[in-house]
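These notes concern the structure reproduced below.
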Amino acid sequence: MDPELLKQLQDDESFQEFLQEGFDVKDHTNKVLTHLSIGDQLLKLTEGINLLDKELHAQVANHHEDLLSQATGIENLEGVLQMMQTRILALQTAVERIRSKVVEPYEKIVARTSQLRRLQEACDLLRRIIRILYLSKRLHGQLQGGAREITKAAQSLNELDYLFHGVDLSGIDIVEQDTMFIRRARKDIERQAQKMLHQGMETQNQTQVATSLQVFHNLGSLSETVNKVMTDCEDDIRSNIKTALSVQLIASQPANPVRGPGRASMPAPGNTAAFRATLWTNLEKLVDQVYATCGQVHHLQKVLSKKRDPVTHVFFMEQLYKEKQKNILHCFWESMTLIVRGEFVSNANENTFIKQAFEGEYPKLLRLFNDLWRRLEQFTVGMTSKPDQTHGLRKTEVGEAAEYDPEQALKESLDVFETAYLSRSLSRLFDPINLVFPGGSSQPPSDNEIEGISKTIQSELSVASVDQNLSILIARNVAKTLQLYASKCEQMLCTGGDASQVIAPPSAGQKKNAAVVNSLYRFHQSVGKIVTNLQNLPEQAGQLIVSALQELVDQMSAALKPLLDSVSDAIEAIILTMHNEDFKGKAPKDTPDTPCSLYMRELQGFISRVQAEYLAQFTCTDFILQSINPVASRAIELFIVHATLIRPLGEGGKMRLAADCAQMELALAPLCHRLSDLGRPYKLLRAFRPMLFQTPEHIVTNTTVGEIVPYSTVLQFLFSKAPKELMSPHEGAGWSISRYSQWLCDHPSEKERLALIRGTLEFYVQGVNARHDKEYAPIYPIMLGLLQKGTAAVATR
């Protein structure tokens, strides 16, 4: 359509309604009659019709050739359609002729096929009936043979089941009686085989078990029978447990302990001892019953693993595996442990007496289970052995079994009672300690109280010796007990200034600390003796207790440390006073015996007083001497260090120092069993004494230099033989002797000490060069050579 004409129609309000899709002639007519003039409306419609006629005329004029060609094509199409109609009629006629020739033969074939199928079904039924009659007759004879022919009878029944399967033989009179006979025979054989299986399992008769399993295999019910046997065994164990733990039955049974004449054998209500005696007797019987049941299951699995099908030569166990059945002993063990756990816990929750018996006498219960495991261990080879040791097991089953610990599974069934027993045991161990350490106590436990605690520990360890794992768990409780004791003692210690003073007589705090240390020592000795005497204590349990005992020793050391530190500081202060004395004098001619120095007499008096007043309070002599040995060693080292710092040192001073060395040994004697036990410090004291009278050349060649006497100590001593220009290390650094002594304590490394001495010698060289002196002091090359030797020795360590 011409766009201009279309736009004209769309713009005109009279024609817009005609262009809408939902235009209704009746509505439009009613509207015109009601609101508009009919004449005007007809005039308008006529005008629109004229416009459309003109447009149609224009379209026909412009496309008349196309319209003519389309009209010609329609005539050709009609000719083609007529030809196709003719051919379709011819095809239908041919199909009818073919149908008339095929239908009759097809119907004959269908009839013959149906007849043949019926003949074949009749022949199959006849063959089945003939075979059924034959097998039924043979089954009569086999049943008369008794147990010897029972497997063959089962084979016949299996074949008869196959013949009856999938067909309906009801209404056939010839086999009706045989059908009833076969049903009765099957029930009879199953009953005989079941009885034979139970007898064989109870008497451990492999022949009977193998024969009965062969019967069930022939009947096609081997898997169902094995499952039923397993279920029956599990039910037996559950029933036996309920019977053993039944309060009513226990109350009606005589108690186990032997009673005197005329005394009642029935436990009276509330008689806990009689109740428990009967309970433990029942548990012993239960253990025997569980062992017997497990033995039957193991016997069944052993026969299944050895027995083969005589036709296929496949193990019965392999046949069960093909039916997705797992290792029967493994499955039974898992079920048994779950049953034991469930029944024991439920009965304990229902009855307070049983719960108290199991929790209070758990070691006795565990011993029963350990005895049970020792008897059952031979049966669990199939669950724990290697693949090459498992006959008749699949590789996957062996892998699963290798990860399963049957002993652990059996003991875990009692873990509820184990937890409760460990809690009670810890309370029994803690109670005596809490009693002897009441709040605000000022005195440590007495010997009798310590002995009571030790007896409790010994009792707990002895009772737990029935099982290694239980012993280890109880040993952990004992370790906690020792830690508690150490903690209680730590709270009693005095840590103020009066605990470390060494001027006045021992204070009350020091006496209290000494009593605490003595208490810790006695407790340590008592528990250590228990560990030594217990022969069956596992190594791990012993290590746990020994580690906890070390905490007692550490607490003793911590309590002793303030006093020993004060003693060491006082000894150092006394040794420092040697620098207040004069050592530059000549050797006396009139007195051959050189008296010891004043500081040494003071040191001897102080150490004697420490021994008599402070250390004598402690009864642990060996421990005290062992603890104070470092104090004695440090005293020797300080004495040697300060002896080497004395400048100038005359011949008389050398003799006094030599005498002081001997007196030093006497002074330290109260602090050691033997002074030689100190080791290197004692050798240092002995090696330094002859150096006092040796020349520098002899000193550097002394074999003890570097081995016993450090290079830094020898070099420090050589400074006393040098001129004033070669100052000592502390003089070169501008330090006091006390500060230098503290520096040496803070820097025990030989490398650092030699570095300080090297700096001192370098400072001396700078001074010589600054003064333009022509030569160094004669001792300088000796000291430099010794310094280089010491540096090289330190570098190679």
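All residue names refer to the structure tokens as shown: chains lettered A, B, ... in order, residues numbered from 1 in each chain, ligands numbered from 1 in order.
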**Request:** Using only C-alpha atoms, determine which residues lie at most 12 Å from A:Trp280, disregarding the query and same-chain residues fewer than 2 positions distant; provide the list as a VMD selection string.
**Result:** chain A and resid 244 to 245 250 255 to 257 273 to 278 282 to 287 354 357 to 358 361 to 362 364 to 368
**Message:** Residues within 10 Å of A:Tyr740, please, as a ChimeraX atom specification. Count only C-alpha atoms; anything in the same chain fewer than 6 positions from it doesn't count.
**Reply:** /A:642,729-731,733-734,746
**Request:** Select from stretch 474-563 of chain A everything DSSP, run on the backbone, classes as alpha helix (DSSP H), then give the selection as an MDAnalysis selection string.
**Result:** chainID A and resid 474:492 508:533 539:563
**Item:** 12 Å contact set for A:Leu754, only C-alpha atoms, chain neighbours under 2 positions out, as an NGL selection string
**Value:** :A and (710-716 or 729 or 744 or 747-752 or 756-761 or 783-784 or 786-795)
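Taking atom CA of A:Leu470 and atom CA of A:Thr272 as endpoints, the distance between them is 25.8 Å.
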**Prompt:** Using only C-alpha atoms, which residue out of A:Leu304, A:Ala635, A:Ala687, A:Cys331 lies closest to A:Leu213?
**Reply:** A:Leu304
**Item:** Selection: 7 Å around A:His299, only C-alpha atoms, excl. self and same-chain fewer than 4 positions, as a PyMOL selection string
**Value:** chain A and resi 201+204+295+303
Convert the current residue selection to file output with C-alpha atoms, as an mmCIF file, in the first residue's frame.
```cif
data_model
loop_
_atom_site.group_PDB
_atom_site.id
_atom_site.type_symbol
_atom_site.label_atom_id
_atom_site.label_comp_id
_atom_site.auth_asym_id
_atom_site.auth_seq_id
_atom_site.Cartn_x
_atom_site.Cartn_y
_atom_site.Cartn_z
ATOM 1 C CA MET A 201 31.117 -76.264 67.083
ATOM 2 C CA GLN A 204 35.360 -78.618 68.078
ATOM 3 C CA GLY A 295 36.467 -70.637 70.229
ATOM 4 C CA VAL A 303 36.704 -74.950 58.727
#
```
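In this model, the gap between atom CA of A:Ile708 and atom CA of A:Leu684 comes to 5.7 Å.
With only C-alpha atoms as the atoms that count, the residue of A:Leu51, A:Lys511, A:Leu534, A:Asn351 with the shortest distance to A:Phe618 is A:Lys511.
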Stretch 532-583 of chain A residues near stretch 478-498 of chain A within 10 Å, closest pair each, using only C-alpha atoms, as JSON lines:
```
{"residue": "A:Ala541", "atom": "CA", "partner": "A:Ala479", "partner_atom": "CA", "distance": 9.5}
{"residue": "A:Gln543", "atom": "CA", "partner": "A:Ala479", "partner_atom": "CA", "distance": 9.9}
{"residue": "A:Leu544", "atom": "CA", "partner": "A:Ala479", "partner_atom": "CA", "distance": 6.5}
{"residue": "A:Ile545", "atom": "CA", "partner": "A:Ala479", "partner_atom": "CA", "distance": 5.3}
{"residue": "A:Val546", "atom": "CA", "partner": "A:Ala479", "partner_atom": "CA", "distance": 8.4}
{"residue": "A:Ser547", "atom": "CA", "partner": "A:Ala479", "partner_atom": "CA", "distance": 7.8}
{"residue": "A:Ala548", "atom": "CA", "partner": "A:Ala479", "partner_atom": "CA", "distance": 5.1}
{"residue": "A:Leu549", "atom": "CA", "partner": "A:Leu482", "partner_atom": "CA", "distance": 6.8}
{"residue": "A:Gln550", "atom": "CA", "partner": "A:Leu482", "partner_atom": "CA", "distance": 9.6}
{"residue": "A:Glu551", "atom": "CA", "partner": "A:Gln483", "partner_atom": "CA", "distance": 7.0}
{"residue": "A:Leu552", "atom": "CA", "partner": "A:Ala486", "partner_atom": "CA", "distance": 5.7}
{"residue": "A:Val553", "atom": "CA", "partner": "A:Ala486", "partner_atom": "CA", "distance": 9.1}
{"residue": "A:Asp554", "atom": "CA", "partner": "A:Ala486", "partner_atom": "CA", "distance": 9.1}
{"residue": "A:Gln555", "atom": "CA", "partner": "A:Ala486", "partner_atom": "CA", "distance": 6.5}
{"residue": "A:Met556", "atom": "CA", "partner": "A:Ala486", "partner_atom": "CA", "distance": 8.9}
{"residue": "A:Ala558", "atom": "CA", "partner": "A:Glu490", "partner_atom": "CA", "distance": 8.9}
{"residue": "A:Ala559", "atom": "CA", "partner": "A:Leu493", "partner_atom": "CA", "distance": 6.9}
{"residue": "A:Pro562", "atom": "CA", "partner": "A:Thr495", "partner_atom": "CA", "distance": 7.9}
{"residue": "A:Leu563", "atom": "CA", "partner": "A:Asp498", "partner_atom": "CA", "distance": 9.6}
```
Put those residues in a file: all heavy atoms, as a tab-separated table (two decimals), in the first residue's frame.
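File part-v2.tsv, as written:
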```tsv
chain	number	residue	atom	x	y	z
A	541	ALA	N	56.37	-46.17	82.59
A	541	ALA	CA	55.82	-45.70	83.86
A	541	ALA	C	56.93	-45.23	84.79
A	541	ALA	O	56.81	-44.19	85.46
A	541	ALA	CB	55.01	-46.81	84.51
A	543	GLN	N	59.81	-44.04	83.91
A	543	GLN	CA	60.35	-42.78	83.39
A	543	GLN	C	59.45	-41.60	83.77
A	543	GLN	O	59.94	-40.51	84.08
A	543	GLN	CB	60.51	-42.87	81.89
A	543	GLN	CG	61.60	-43.82	81.44
A	543	GLN	CD	61.66	-43.98	79.93
A	543	GLN	OE1	60.79	-43.48	79.21
A	543	GLN	NE2	62.68	-44.66	79.43
A	544	LEU	N	58.13	-41.83	83.74
A	544	LEU	CA	57.21	-40.75	84.12
A	544	LEU	C	57.43	-40.33	85.58
A	544	LEU	O	57.46	-39.13	85.90
A	544	LEU	CB	55.76	-41.21	83.92
A	544	LEU	CG	55.27	-41.35	82.47
A	544	LEU	CD1	53.92	-42.04	82.43
A	544	LEU	CD2	55.18	-39.97	81.82
A	545	ILE	N	57.57	-41.32	86.45
A	545	ILE	CA	57.76	-41.02	87.86
A	545	ILE	C	59.12	-40.38	88.11
A	545	ILE	O	59.25	-39.43	88.89
A	545	ILE	CB	57.57	-42.29	88.71
A	545	ILE	CG1	56.15	-42.85	88.51
A	545	ILE	CG2	57.83	-42.01	90.17
A	545	ILE	CD1	55.90	-44.15	89.24
A	546	VAL	N	60.15	-40.90	87.43
A	546	VAL	CA	61.49	-40.34	87.60
A	546	VAL	C	61.53	-38.89	87.13
A	546	VAL	O	62.16	-38.02	87.77
A	546	VAL	CB	62.53	-41.20	86.84
A	546	VAL	CG1	63.87	-40.50	86.78
A	546	VAL	CG2	62.67	-42.57	87.50
A	547	SER	N	60.83	-38.60	86.03
A	547	SER	CA	60.78	-37.21	85.56
A	547	SER	C	60.09	-36.31	86.58
A	547	SER	O	60.51	-35.17	86.80
A	547	SER	CB	60.03	-37.15	84.22
A	547	SER	OG	60.68	-37.91	83.23
A	548	ALA	N	59.02	-36.83	87.20
A	548	ALA	CA	58.34	-36.04	88.23
A	548	ALA	C	59.21	-35.88	89.48
A	548	ALA	O	59.18	-34.84	90.14
A	548	ALA	CB	57.02	-36.71	88.59
A	549	LEU	N	60.00	-36.92	89.82
A	549	LEU	CA	60.93	-36.81	90.96
A	549	LEU	C	61.97	-35.72	90.73
A	549	LEU	O	62.41	-35.06	91.67
A	549	LEU	CB	61.61	-38.15	91.20
A	549	LEU	CG	60.76	-39.26	91.83
A	549	LEU	CD1	61.52	-40.57	91.88
A	549	LEU	CD2	60.31	-38.86	93.24
A	550	GLN	N	62.33	-35.54	89.46
A	550	GLN	CA	63.29	-34.48	89.15
A	550	GLN	C	62.72	-33.10	89.49
A	550	GLN	O	63.47	-32.18	89.85
A	550	GLN	CB	63.68	-34.56	87.67
A	550	GLN	CG	64.75	-33.57	87.25
A	550	GLN	CD	66.05	-33.74	88.03
A	550	GLN	OE1	66.46	-34.87	88.28
A	550	GLN	NE2	66.67	-32.65	88.41
A	551	GLU	N	61.39	-32.97	89.41
A	551	GLU	CA	60.77	-31.71	89.78
A	551	GLU	C	60.94	-31.46	91.28
A	551	GLU	O	61.08	-30.30	91.71
A	551	GLU	CB	59.29	-31.71	89.40
A	551	GLU	CG	59.04	-31.78	87.90
A	551	GLU	CD	57.58	-31.57	87.54
A	551	GLU	OE1	56.84	-31.01	88.37
A	551	GLU	OE2	57.19	-31.95	86.43
A	552	LEU	N	60.91	-32.53	92.09
A	552	LEU	CA	61.20	-32.36	93.52
A	552	LEU	C	62.63	-31.87	93.73
A	552	LEU	O	62.88	-30.99	94.56
A	552	LEU	CB	60.98	-33.68	94.26
A	552	LEU	CG	59.57	-34.28	94.24
A	552	LEU	CD1	59.55	-35.58	95.06
A	552	LEU	CD2	58.55	-33.30	94.79
A	553	VAL	N	63.56	-32.45	92.96
A	553	VAL	CA	64.96	-32.03	93.07
A	553	VAL	C	65.11	-30.57	92.64
A	553	VAL	O	65.83	-29.78	93.28
A	553	VAL	CB	65.85	-32.95	92.22
A	553	VAL	CG1	67.30	-32.46	92.25
A	553	VAL	CG2	65.77	-34.38	92.73
A	554	ASP	N	64.42	-30.21	91.57
A	554	ASP	CA	64.47	-28.81	91.10
A	554	ASP	C	63.91	-27.86	92.16
A	554	ASP	O	64.45	-26.75	92.36
A	554	ASP	CB	63.68	-28.66	89.80
A	554	ASP	CG	64.29	-29.45	88.65
A	554	ASP	OD1	65.48	-29.80	88.75
A	554	ASP	OD2	63.58	-29.72	87.67
A	555	GLN	N	62.86	-28.30	92.84
A	555	GLN	CA	62.29	-27.46	93.89
A	555	GLN	C	63.25	-27.34	95.07
A	555	GLN	O	63.38	-26.27	95.68
A	555	GLN	CB	60.95	-28.06	94.35
A	555	GLN	CG	60.14	-27.15	95.24
A	555	GLN	CD	59.80	-25.84	94.56
A	555	GLN	OE1	59.26	-25.81	93.46
A	555	GLN	NE2	60.14	-24.73	95.20
A	556	MET	N	63.94	-28.44	95.38
A	556	MET	CA	64.96	-28.37	96.43
A	556	MET	C	66.06	-27.39	96.05
A	556	MET	O	66.52	-26.60	96.89
A	556	MET	CB	65.53	-29.77	96.68
A	556	MET	CG	64.53	-30.76	97.27
A	556	MET	SD	65.09	-32.49	97.18
A	556	MET	CE	66.57	-32.42	98.17
A	558	ALA	N	65.79	-24.88	94.00
A	558	ALA	CA	65.26	-23.52	94.05
A	558	ALA	C	65.19	-22.99	95.47
A	558	ALA	O	65.44	-21.81	95.73
A	558	ALA	CB	63.87	-23.49	93.40
A	559	ALA	N	64.84	-23.87	96.42
A	559	ALA	CA	64.77	-23.45	97.82
A	559	ALA	C	66.16	-23.15	98.39
A	559	ALA	O	66.32	-22.29	99.27
A	559	ALA	CB	64.09	-24.54	98.65
A	562	PRO	N	68.82	-19.22	97.11
A	562	PRO	CA	69.13	-17.93	97.76
A	562	PRO	C	70.26	-18.03	98.77
A	562	PRO	O	71.12	-17.14	98.83
A	562	PRO	CB	67.79	-17.57	98.43
A	562	PRO	CG	66.76	-18.29	97.64
A	562	PRO	CD	67.41	-19.58	97.23
A	563	LEU	N	70.27	-19.08	99.57
A	563	LEU	CA	71.32	-19.24	100.58
A	563	LEU	C	72.67	-19.45	99.92
A	563	LEU	O	73.67	-18.80	100.31
A	563	LEU	CB	70.99	-20.42	101.49
A	563	LEU	CG	72.05	-20.78	102.54
A	563	LEU	CD1	72.26	-19.61	103.50
A	563	LEU	CD2	71.66	-22.04	103.29
```
